[in-house]
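For reference, the structure is listed below as C-alpha cells.
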Amino acid sequence: AELHRMVCQFANGLKSLGVTKGDRVIVYMPMSIEAVVAMQACARIGAIHSVVFGGFSAKSLQERIIDAKAKLIITANGGVRGGKIVPLKATIDEALALGGCECVERVIVYKRVVHEDAPWTIGRDIWWHDLVQRQPEVCEPTWMGADEPLFILYTSGSTGKPKGVVHTCGGYMVYTAYSFQNVFQYNESDIYWCTADIGWITGHTYVAYGPLAAGATQIIFEGMPTYPNAGRFWQMIERHKCTVFYT
C-alpha cells in the first residue's frame with residue numbers, strides 16, 4: 001500500500017508536468033525503491049520508460065535520449081557504490097550538453113545523497129520531493145492495449161549503435177508473472193531477492209514487474225557484493241531471512 005501511494009503520487013507529479021500516454025521518459029537512477037516507483041509511475045499513466053544503467057557514460061545517455069526522443073529524464077543527485085558517490089545528475093547535464101537533446105523538457109532529481117550538490121538549470125530541473133508534495137495519493141491507471149508499448153530497453157551498444165527493444169504491455173506482463181511464479185516457485189511465506197540492476201532486462205522482469213505482479217515480498221539492494229567485504233550478500237540473506245536468492 002505504501003508503494004502504491006508513492007507510485008500514484010509520482011504519477012500525478014508526472015502528469016502535472018505534462019507527461020501523457022506515449023511520451024518517452026529516461027530513467028537514470030541508483031538501485032533504489034524510487035527507481036521502481038519511477039518505472040511503475042510511467043506504466044500507470046501510459047508513458048514509455050527507458051531505463052539507462054547508472055554506470056553508463058554521458059555519450060551513452062545522449063544516444064538513447066536522442067533515439068527515444070525523450071520528453072523527460074528522472075535521475076538522482078548521486079548514487080552510492082562501493083563507498084563512493086556516483087555523480088548521476090552531473091552526467092545527465094554532460095549528456096544534454098553534447099547536443100541533439102532538445103526534446104528533453106524537464107529533469108526530475110531524487111535527493112539520494114543528502115550533502116551532494118547537483119548542477120542545476122532553473123526552469124528545467126525539479127526536485128522529486130517538491131514534485132510529489134501535495135499530489136493526490138490516488139491515480140487512476142491509463143488503460144492500455146495488450147500490444148501497446150510498456151518500455152524501451154536498449155542493447156549495450158558494444159557492437160555498434162544501441163538498438164531500442166520495445167516490450168509491450170500484455171505479452172511482457174503475462175510472461176513476467178508466469179515465469180516468476182513457475183521458475184522461482186514463489187510461495188507467500190518466501191522472502192525473494194534478485195540482485196540484478198534495473199538497468200538490465202533481468203532487473204526489469206525480476207525486480208520491477210514480476211515479483212510485484214505476483215505480490216511477492218522482496219529485497220531491493222543498492223550496492224555491490226564485495227563492499228564493505230565479501231560477506232555482504234550472506235549477511236543480508238541472514239538478516240532478512242531470504243529464502244529465494246537469484247543472482
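Residues are named by chain letter and number: chains run A, B, ... in the order of the C-alpha cells, numbers start at 1 in each chain, and ligands are numbered from 1 in the order shown.
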
request  = Identify, on the basis of only C-alpha atoms, every residue whose closest approach to stretch 51-54 of chain A does not exceed 9 Å; exclude the query and any residue fewer than 2 positions from it along the same chain; express the result as a PyMOL selection string.
outcome  = chain A and resi 25-31+39+49+56-57+60-61+64+79+86+88+151-154+197-200+204

task = Name the residues in contact with A:Phe245 at a cut-off of 7 Å, using only C-alpha atoms, excluding same-chain residues fewer than 3 positions from it; report them as a PyMOL selection string.
result = chain A and resi 192-194+242

Output all heavy atoms of each residue in that selection to a file, as a compact mmCIF listing (two decimals), in the first residue's frame.
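Once everything was written out, this is out_20.txt:
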```txt
# COMPACT_ATOMS: atom_id res chain seq x y z
N TYR A 192 12.11 -13.03 -1.22
CA TYR A 192 12.79 -13.19 -2.51
C TYR A 192 13.77 -12.04 -2.73
O TYR A 192 13.49 -10.90 -2.38
CB TYR A 192 11.72 -13.22 -3.61
CG TYR A 192 12.19 -12.98 -5.01
CD1 TYR A 192 12.69 -14.02 -5.78
CD2 TYR A 192 12.12 -11.70 -5.59
CE1 TYR A 192 13.12 -13.79 -7.09
CE2 TYR A 192 12.54 -11.48 -6.88
CZ TYR A 192 13.04 -12.53 -7.63
OH TYR A 192 13.46 -12.29 -8.92
N TRP A 193 14.93 -12.38 -3.32
CA TRP A 193 15.92 -11.33 -3.62
C TRP A 193 16.57 -11.60 -4.97
O TRP A 193 17.22 -12.61 -5.15
CB TRP A 193 16.97 -11.26 -2.52
CG TRP A 193 18.02 -10.21 -2.73
CD1 TRP A 193 17.97 -9.13 -3.57
CD2 TRP A 193 19.29 -10.12 -2.07
NE1 TRP A 193 19.11 -8.38 -3.47
CE2 TRP A 193 19.94 -8.97 -2.54
CE3 TRP A 193 19.93 -10.89 -1.10
CZ2 TRP A 193 21.21 -8.57 -2.11
CZ3 TRP A 193 21.19 -10.50 -0.66
CH2 TRP A 193 21.82 -9.36 -1.15
N CYS A 194 16.35 -10.69 -5.91
CA CYS A 194 17.08 -10.68 -7.18
C CYS A 194 18.09 -9.54 -7.11
O CYS A 194 17.71 -8.39 -6.87
CB CYS A 194 16.12 -10.48 -8.34
SG CYS A 194 16.94 -10.16 -9.92
N CYS A 242 16.15 -14.37 3.83
CA CYS A 242 15.87 -14.58 2.41
C CYS A 242 15.80 -16.07 2.09
O CYS A 242 16.69 -16.84 2.48
CB CYS A 242 16.98 -13.92 1.60
SG CYS A 242 16.93 -14.24 -0.15
```

request  = Could you give me, as a ChimeraX atom specification, the residues within 12 Å of A:Glu148, counting only C-alpha atoms and dropping anything in the same chain fewer than 3 positions from it?
outcome  = /A:21-22,43,46-48,142-145,151-152,166-173

ask   = Which of these, A:Tyr246, A:Trp127, A:Tyr186, A:Trp120, has the shortest distance to A:Ile74 once you count only C-alpha atoms?
value =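 Between A:Tyr246, A:Trp127, A:Tyr186, A:Trp120, the residue approaching A:Ile74 most closely is A:Trp127.
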
task = Work out how far apart atom CA of A:Pro87 and atom CA of A:Ala208 are and give it in Å to one decimal.
result = 23.5 Å

ask   = Can you list, as a count of residues only, every protein, DNA or RNA residue that comes within 10 Å of stretch 225-227 of chain A when you count only C-alpha atoms, leaving out same-chain residues fewer than 3 positions away?
value = 11

request  = Pick out each residue of stretch 50-211 of chain A that DSSP on the backbone tags as alpha helix (DSSP H); I need them as a ChimeraX atom specification.
outcome  = /A:58-68,88-97,128-132,169-184,201-203,210-211

Name all residues at most 8 Å from stretch 100-108 of chain A (count only C-alpha atoms; drop same-chain ones fewer than 6 positions away) and give them as a tab-separated table (two decimals) with all heavy atoms, in the first residue's frame.
```tsv
chain	number	residue	atom	x	y	z
A	17	LEU	N	3.45	17.73	-14.99
A	17	LEU	CA	4.49	18.28	-15.87
A	17	LEU	C	4.16	18.06	-17.35
A	17	LEU	O	4.98	18.34	-18.22
A	17	LEU	CB	5.85	17.64	-15.55
A	17	LEU	CG	6.42	17.90	-14.15
A	17	LEU	CD1	7.75	17.18	-13.97
A	17	LEU	CD2	6.58	19.39	-13.89
A	62	GLN	N	23.28	10.23	-24.08
A	62	GLN	CA	22.87	11.12	-25.18
A	62	GLN	C	22.29	10.33	-26.34
A	62	GLN	O	21.24	10.68	-26.89
A	62	GLN	CB	24.07	11.95	-25.65
A	62	GLN	CG	23.74	12.91	-26.78
A	62	GLN	CD	24.87	13.01	-27.83
A	62	GLN	OE1	25.69	12.09	-27.95
A	62	GLN	NE2	24.89	14.10	-28.56
A	65	ILE	N	18.80	9.12	-25.37
A	65	ILE	CA	17.85	10.25	-25.28
A	65	ILE	C	17.39	10.66	-26.68
A	65	ILE	O	16.20	10.83	-26.93
A	65	ILE	CB	18.51	11.45	-24.56
A	65	ILE	CG1	18.72	11.15	-23.07
A	65	ILE	CG2	17.66	12.71	-24.72
A	65	ILE	CD1	19.68	12.12	-22.37
A	66	ILE	N	18.35	10.78	-27.59
A	66	ILE	CA	18.04	11.22	-28.96
A	66	ILE	C	17.19	10.17	-29.67
A	66	ILE	O	16.18	10.48	-30.30
A	66	ILE	CB	19.33	11.51	-29.75
A	66	ILE	CG1	20.04	12.74	-29.17
A	66	ILE	CG2	19.03	11.70	-31.24
A	66	ILE	CD1	21.44	12.97	-29.72
A	69	LYS	N	13.74	10.01	-28.31
A	69	LYS	CA	13.07	11.33	-28.32
A	69	LYS	C	12.40	11.58	-26.96
A	69	LYS	O	11.22	11.90	-26.86
A	69	LYS	CB	12.05	11.44	-29.45
A	69	LYS	CG	12.67	11.30	-30.84
A	69	LYS	CD	11.63	11.45	-31.93
A	69	LYS	CE	12.25	11.36	-33.32
A	69	LYS	NZ	12.87	10.05	-33.60
A	70	ALA	N	13.21	11.43	-25.91
A	70	ALA	CA	12.69	11.51	-24.54
A	70	ALA	C	12.22	12.93	-24.20
A	70	ALA	O	12.89	13.91	-24.49
A	70	ALA	CB	13.77	11.08	-23.56
A	71	LYS	N	11.07	12.99	-23.56
A	71	LYS	CA	10.49	14.27	-23.14
A	71	LYS	C	10.98	14.67	-21.75
A	71	LYS	O	11.04	15.85	-21.41
A	71	LYS	CB	8.96	14.14	-23.14
A	71	LYS	CG	8.20	15.41	-22.77
A	71	LYS	CD	6.70	15.20	-22.94
A	71	LYS	CE	5.90	16.44	-22.64
A	71	LYS	NZ	4.46	16.26	-22.93
A	72	LEU	N	11.32	13.67	-20.94
A	72	LEU	CA	11.64	13.92	-19.53
A	72	LEU	C	12.68	12.92	-19.06
A	72	LEU	O	12.74	11.80	-19.56
A	72	LEU	CB	10.34	13.79	-18.72
A	72	LEU	CG	10.39	14.10	-17.24
A	72	LEU	CD1	9.22	15.01	-16.86
A	72	LEU	CD2	10.29	12.82	-16.41
A	73	ILE	N	13.51	13.35	-18.10
A	73	ILE	CA	14.51	12.47	-17.50
A	73	ILE	C	14.29	12.41	-16.00
A	73	ILE	O	14.03	13.43	-15.36
A	73	ILE	CB	15.95	12.97	-17.81
A	73	ILE	CG1	16.22	12.94	-19.32
A	73	ILE	CG2	16.99	12.15	-17.06
A	73	ILE	CD1	17.52	13.60	-19.73
A	74	ILE	N	14.39	11.21	-15.43
A	74	ILE	CA	14.33	11.03	-13.98
A	74	ILE	C	15.68	10.52	-13.52
A	74	ILE	O	16.18	9.51	-14.03
A	74	ILE	CB	13.22	10.02	-13.59
A	74	ILE	CG1	11.86	10.45	-14.16
A	74	ILE	CG2	13.15	9.87	-12.07
A	74	ILE	CD1	10.80	9.37	-14.10
A	75	THR	N	16.30	11.25	-12.57
A	75	THR	CA	17.63	10.87	-12.10
A	75	THR	C	17.74	11.14	-10.61
A	75	THR	O	16.75	11.44	-9.95
A	75	THR	CB	18.72	11.60	-12.91
A	75	THR	OG1	20.00	11.05	-12.58
A	75	THR	CG2	18.73	13.10	-12.65
A	76	ALA	N	18.95	11.02	-10.06
A	76	ALA	CA	19.22	11.35	-8.66
A	76	ALA	C	20.43	12.26	-8.62
A	76	ALA	O	21.23	12.29	-9.57
A	76	ALA	CB	19.48	10.07	-7.86
A	124	ARG	N	14.10	24.07	-15.72
A	124	ARG	CA	14.11	22.72	-16.31
A	124	ARG	C	14.15	21.65	-15.22
A	124	ARG	O	13.42	20.65	-15.28
A	124	ARG	CB	15.33	22.56	-17.23
A	124	ARG	CG	15.38	21.21	-17.96
A	124	ARG	CD	16.77	20.93	-18.52
A	124	ARG	NE	17.74	20.64	-17.47
A	124	ARG	CZ	19.05	20.59	-17.67
A	124	ARG	NH1	19.56	20.83	-18.87
A	124	ARG	NH2	19.86	20.31	-16.66
A	125	ASP	N	15.00	21.85	-14.22
A	125	ASP	CA	15.22	20.84	-13.19
A	125	ASP	C	14.25	21.03	-12.02
A	125	ASP	O	13.94	22.16	-11.64
A	125	ASP	CB	16.66	20.91	-12.68
A	125	ASP	CG	17.68	20.68	-13.79
A	125	ASP	OD1	17.28	20.21	-14.88
A	125	ASP	OD2	18.87	20.97	-13.58
A	126	ILE	N	13.81	19.91	-11.45
A	126	ILE	CA	12.88	19.96	-10.31
A	126	ILE	C	13.20	18.81	-9.36
A	126	ILE	O	13.47	17.68	-9.80
A	126	ILE	CB	11.40	19.91	-10.78
A	126	ILE	CG1	10.45	19.97	-9.58
A	126	ILE	CG2	11.12	18.68	-11.65
A	126	ILE	CD1	9.00	20.18	-9.97
A	127	TRP	N	13.20	19.11	-8.04
A	127	TRP	CA	13.44	18.05	-7.05
A	127	TRP	C	12.24	17.12	-6.97
A	127	TRP	O	11.10	17.56	-7.03
A	127	TRP	CB	13.68	18.66	-5.67
A	127	TRP	CG	15.01	19.31	-5.49
A	127	TRP	CD1	15.25	20.65	-5.32
A	127	TRP	CD2	16.29	18.67	-5.45
A	127	TRP	NE1	16.60	20.87	-5.18
A	127	TRP	CE2	17.26	19.67	-5.25
A	127	TRP	CE3	16.71	17.34	-5.56
A	127	TRP	CZ2	18.63	19.38	-5.16
A	127	TRP	CZ3	18.07	17.05	-5.47
A	127	TRP	CH2	19.01	18.07	-5.27
A	128	TRP	N	12.51	15.83	-6.83
A	128	TRP	CA	11.47	14.80	-6.68
A	128	TRP	C	10.54	15.18	-5.53
A	128	TRP	O	9.31	15.13	-5.67
A	128	TRP	CB	12.16	13.46	-6.43
A	128	TRP	CG	11.27	12.27	-6.19
A	128	TRP	CD1	10.33	12.13	-5.21
A	128	TRP	CD2	11.26	11.04	-6.94
A	128	TRP	NE1	9.74	10.89	-5.29
A	128	TRP	CE2	10.30	10.21	-6.33
A	128	TRP	CE3	11.98	10.56	-8.02
A	128	TRP	CZ2	10.04	8.92	-6.79
A	128	TRP	CZ3	11.74	9.28	-8.48
A	128	TRP	CH2	10.77	8.47	-7.88
```

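Separating atom CA of A:Met236 from atom CA of A:Ile220 is a distance of 10.7 Å.
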
query = Which one of A:Thr121, A:Ala213, A:Lys84, A:Glu116 sits closest to A:Val174 if you count only C-alpha atoms?
reply =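 Nearest candidate to A:Val174 out of A:Thr121, A:Ala213, A:Lys84, A:Glu116: A:Ala213.
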
task = Calculate how many Å separate atom CA of A:Leu3 from atom CA of A:Ala35, rounding to one decimal.
result =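 Atom-to-atom, atom CA of A:Leu3 and atom CA of A:Ala35 are spaced 11.7 Å apart.
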
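For stretch 118-187 of chain A, a DSSP pass over the backbone yields strand (DSSP E or B) at Asp125, Ile126, Trp127, Pro149, Leu150, Phe151, Ile152, Leu153, Tyr154, Gly164, Val165, Val166, His167 and Thr168 of chain A.
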
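Between A:Ile85 and the candidates A:Arg24, A:Gly55, A:Asp190, A:Asp67, the tightest atom-to-atom separation, counting only C-alpha atoms, involves A:Gly55.
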
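Nearest-residue note for A:Lys59: choosing from A:Val109, A:Leu96, A:Val80, A:Ala1, the minimum distance belongs to A:Leu96, counting only C-alpha atoms.
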